[in-house]
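Here the structure comes first, spelled out in structure tokens, and everything after it is commentary.
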Amino acid sequence: MPTYAHPHYASPQSQQFSPQYPPPPWYPHYGFPAYQQQQQSAPSPYVPHQQAPPETHRQGRPAAFHRGGSRPPPEQREAPHLRNRATSLVRRPRSPRAQQTGWSSQPRPNMYNDRPSNWRRDFRFKSGLAGVFHMKSSQSHPPSDWASSSKLMLHRHLQHDKVYPPTIYDLRRDPQTLVFRTLDRRPDQRDMAQTVTDPPTPYMRIYNSRLPWYIDIVAQDGGYITLADLFQQLSAALQKPIQQSDYFNDDLDDHDRQALNQAYVERCRDEVERLGGVRRVDFLRGKVFFEGLSRGKNGMWRLRTGMEKL
């Protein structure tokens, strides 16, 4: 049975660090400023705090866009800035089902957006035939041929292995919690300073079938990408709060949004994390364990992830 068991791996259910799982020795040297900045950023206001979108017509637009009837006289209309503020402050009554899922039972117009422009052209939320009809070809390529994945050999800690991944890491958590399977200790500064490829490269573009965004990894200080660079920047990218257009758009339906909401609930361990709202890592929808990288299309790298294996 495949397993993520390792004597130095902190369970995702445990606290980040404790006397049993102290911070790794390489952390004070490299640090994670980008990740820490994301942790301190303002909460995402969209999920699950946002109210539910209204019913839509065949074109996928809110029914509120097609409202009829006469408008109230000008003297009875409320100022837009006051109306918006009141809407954001008042908590409306919720139905029993909405209390379980975090949704308000009251509709809110003007929520749906077109497909976000920063999503990958070939991304589809659904798998199987439901997503094939919306699939487009990718036009992304590395900046130069020397950065192509076909020219590089991955570090042994990054090579894809579905059964026994060489790196044990829950992508929802701080990268300081990762461990390497072949080491009988926590990674140190020297371990994390190793380059991710041979020959070394200053640039990598990563994608995952469940993520609508590319993740660009860039070497620090004009050098080459190290293991510390990779996991630091990967974590920072996945911890970004999503935008409204990432959640309410024509590509996602109510079932898709409920799947994201479920991933958010499973990830959050305390009120601080819940206040952060849905983050990009929640698009992985349960496949949150790092299984390595593999050569992808157009010279890019494919991030391989899987479910937790007990």
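Identifiers in this document derive from the order of the structure tokens: chains are assigned A, B, ..., residues are numbered from 1 separately in each chain, and ligands are numbered from 1 in order of occurrence.
When DSSP is run on the backbone, the residues of range 182-286 of chain A that fall into strand (DSSP E or B) are A:Thr195, A:Thr197, A:Asp198, A:Tyr203, A:Met204, A:Arg205, A:Ile206, A:Tyr207, A:Ile215, A:Asp216, A:Ile217, A:Val218, A:Thr226, A:Pro241, A:Asn249, A:Arg279.
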**OP:** Compile the contact shell of Asp198 in chain A as a ChimeraX atom specification: residues with an atom at most 10 Å away, counting only C-alpha atoms, same-chain residues fewer than 6 positions apart removed.
**Re:** /A:151-155
All heavy atoms of the current selection, written as a PDB file, in the first residue's frame:
```pdb
ATOM      1  N   LYS A 151      15.376  19.233 -22.538  1.00  0.00           N
ATOM      2  CA  LYS A 151      16.829  19.371 -22.507  1.00  0.00           C
ATOM      3  C   LYS A 151      17.417  19.157 -21.110  1.00  0.00           C
ATOM      4  O   LYS A 151      18.634  19.187 -20.937  1.00  0.00           O
ATOM      5  CB  LYS A 151      17.234  20.764 -22.992  1.00  0.00           C
ATOM      6  CG  LYS A 151      16.667  21.162 -24.336  1.00  0.00           C
ATOM      7  CD  LYS A 151      17.336  20.441 -25.477  1.00  0.00           C
ATOM      8  CE  LYS A 151      16.846  20.959 -26.823  1.00  0.00           C
ATOM      9  NZ  LYS A 151      17.491  20.282 -27.956  1.00  0.00           N
ATOM     10  N   LEU A 152      16.547  18.967 -20.103  1.00  0.00           N
ATOM     11  CA  LEU A 152      17.005  18.982 -18.716  1.00  0.00           C
ATOM     12  C   LEU A 152      16.661  17.683 -18.005  1.00  0.00           C
ATOM     13  O   LEU A 152      15.665  17.012 -18.328  1.00  0.00           O
ATOM     14  CB  LEU A 152      16.373  20.165 -17.970  1.00  0.00           C
ATOM     15  CG  LEU A 152      16.573  21.545 -18.602  1.00  0.00           C
ATOM     16  CD1 LEU A 152      15.733  22.578 -17.876  1.00  0.00           C
ATOM     17  CD2 LEU A 152      18.044  21.938 -18.593  1.00  0.00           C
ATOM     18  N   MET A 153      17.466  17.343 -17.015  1.00  0.00           N
ATOM     19  CA  MET A 153      17.228  16.179 -16.162  1.00  0.00           C
ATOM     20  C   MET A 153      16.878  16.670 -14.767  1.00  0.00           C
ATOM     21  O   MET A 153      17.601  17.472 -14.179  1.00  0.00           O
ATOM     22  CB  MET A 153      18.470  15.286 -16.100  1.00  0.00           C
ATOM     23  CG  MET A 153      18.292  14.051 -15.222  1.00  0.00           C
ATOM     24  SD  MET A 153      17.055  12.904 -15.878  1.00  0.00           S
ATOM     25  CE  MET A 153      17.881  12.357 -17.378  1.00  0.00           C
ATOM     26  N   LEU A 154      15.778  16.164 -14.227  1.00  0.00           N
ATOM     27  CA  LEU A 154      15.313  16.603 -12.908  1.00  0.00           C
ATOM     28  C   LEU A 154      16.156  16.023 -11.774  1.00  0.00           C
ATOM     29  O   LEU A 154      16.706  14.925 -11.874  1.00  0.00           O
ATOM     30  CB  LEU A 154      13.865  16.176 -12.697  1.00  0.00           C
ATOM     31  CG  LEU A 154      12.766  17.071 -13.271  1.00  0.00           C
ATOM     32  CD1 LEU A 154      11.425  16.384 -13.112  1.00  0.00           C
ATOM     33  CD2 LEU A 154      12.733  18.439 -12.596  1.00  0.00           C
ATOM     34  N   HIS A 155      16.210  16.781 -10.689  1.00  0.00           N
ATOM     35  CA  HIS A 155      16.817  16.296  -9.451  1.00  0.00           C
ATOM     36  C   HIS A 155      16.044  15.067  -8.959  1.00  0.00           C
ATOM     37  O   HIS A 155      14.829  14.958  -9.163  1.00  0.00           O
ATOM     38  CB  HIS A 155      16.777  17.411  -8.403  1.00  0.00           C
ATOM     39  CG  HIS A 155      17.582  17.129  -7.178  1.00  0.00           C
ATOM     40  ND1 HIS A 155      17.165  16.257  -6.190  1.00  0.00           N
ATOM     41  CD2 HIS A 155      18.789  17.612  -6.773  1.00  0.00           C
ATOM     42  CE1 HIS A 155      18.076  16.214  -5.227  1.00  0.00           C
ATOM     43  NE2 HIS A 155      19.074  17.029  -5.557  1.00  0.00           N
TER      44      HIS A 155
END
```
Subject >> Contacts of Arg267 in chain A at 9 Å (only C-alpha atoms; same-chain gap of 4+ positions) as a PyMOL selection string >> reply: chain A and resi 172-173+262-263+273-274+282
Those residues with all heavy atoms, as a compact mmCIF listing (two decimals), in the first residue's frame please?
```
# COMPACT_ATOMS: atom_id res chain seq x y z
N ARG A 172 -0.95 22.16 0.52
CA ARG A 172 -1.77 23.13 1.25
C ARG A 172 -1.02 23.75 2.41
O ARG A 172 -1.46 24.77 2.97
CB ARG A 172 -3.03 22.44 1.80
CG ARG A 172 -3.93 21.85 0.75
CD ARG A 172 -5.02 21.00 1.36
NE ARG A 172 -4.46 19.85 2.09
CZ ARG A 172 -5.18 18.93 2.71
NH1 ARG A 172 -6.50 19.03 2.70
NH2 ARG A 172 -4.60 17.93 3.32
N ARG A 173 0.11 23.15 2.79
CA ARG A 173 0.82 23.57 4.00
C ARG A 173 2.10 24.31 3.67
O ARG A 173 2.54 24.39 2.53
CB ARG A 173 1.13 22.34 4.87
CG ARG A 173 -0.09 21.47 5.16
CD ARG A 173 -1.24 22.26 5.74
NE ARG A 173 -2.44 21.45 5.90
CZ ARG A 173 -3.67 21.95 5.98
NH1 ARG A 173 -3.85 23.26 5.91
NH2 ARG A 173 -4.71 21.16 6.12
N GLN A 262 -15.93 22.73 -0.93
CA GLN A 262 -15.59 21.56 -0.13
C GLN A 262 -14.10 21.46 0.10
O GLN A 262 -13.64 21.13 1.21
CB GLN A 262 -16.10 20.29 -0.83
CG GLN A 262 -15.83 19.01 -0.07
CD GLN A 262 -16.53 18.97 1.28
OE1 GLN A 262 -17.62 19.55 1.43
NE2 GLN A 262 -15.93 18.30 2.25
N ALA A 263 -13.29 21.77 -0.94
CA ALA A 263 -11.84 21.74 -0.79
C ALA A 263 -11.39 22.81 0.22
O ALA A 263 -10.47 22.58 1.01
CB ALA A 263 -11.17 21.98 -2.14
N GLU A 273 -7.45 30.58 8.96
CA GLU A 273 -7.44 30.05 7.61
C GLU A 273 -8.80 30.20 6.95
O GLU A 273 -8.89 30.46 5.74
CB GLU A 273 -7.00 28.58 7.62
CG GLU A 273 -5.54 28.39 8.00
CD GLU A 273 -5.10 26.93 7.91
OE1 GLU A 273 -5.99 26.06 7.82
OE2 GLU A 273 -3.89 26.68 7.90
N ARG A 274 -9.87 30.04 7.72
CA ARG A 274 -11.21 30.20 7.14
C ARG A 274 -11.44 31.62 6.66
O ARG A 274 -12.09 31.85 5.63
CB ARG A 274 -12.28 29.79 8.15
CG ARG A 274 -12.43 28.28 8.31
CD ARG A 274 -13.62 27.92 9.16
NE ARG A 274 -13.37 28.20 10.56
CZ ARG A 274 -12.81 27.33 11.40
NH1 ARG A 274 -12.44 26.13 10.97
NH2 ARG A 274 -12.62 27.63 12.67
N ASP A 282 -6.96 25.29 -3.64
CA ASP A 282 -8.22 24.57 -3.53
C ASP A 282 -8.71 24.06 -4.88
O ASP A 282 -9.56 23.17 -4.93
CB ASP A 282 -9.28 25.46 -2.88
CG ASP A 282 -8.94 25.82 -1.44
OD1 ASP A 282 -8.42 24.93 -0.73
OD2 ASP A 282 -9.17 26.97 -1.02
```
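Distances here use only C-alpha atoms; by that measure, the residue among A:Pro199, A:Tyr224, A:Asp170, A:Asp270 closest to Ser150 in chain A is A:Pro199.
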**OP:** Take CA of Arg285 in chain A and CA of Arg210 in chain A and report the distance between them in Å, one decimal.
**Re:** 8.0 Å
**OP:** Pick out each residue of range 162-292 of chain A that DSSP on the backbone tags as alpha helix (DSSP H); I need them as JSON, numbers by chain.
**Re:** {"A": [189, 190, 191, 192, 227, 228, 229, 230, 231, 232, 233, 234, 235, 236, 237, 238, 244, 245, 246, 247, 254, 255, 256, 257, 258, 259, 260, 261, 262, 263, 264, 265, 266, 267, 271, 272, 273, 274, 275]}
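The coordinates place CA of Lys162 in chain A at 19.5 Å from CA of Lys297 in chain A.
Here CA of Leu211 in chain A and CA of Arg302 in chain A stand 10.9 Å from one another.
Considering the residues A:Arg269, A:His255, A:Arg295, A:Lys287 and counting only C-alpha atoms, Leu158 in chain A has its shortest atom-to-atom contact with A:Arg295.
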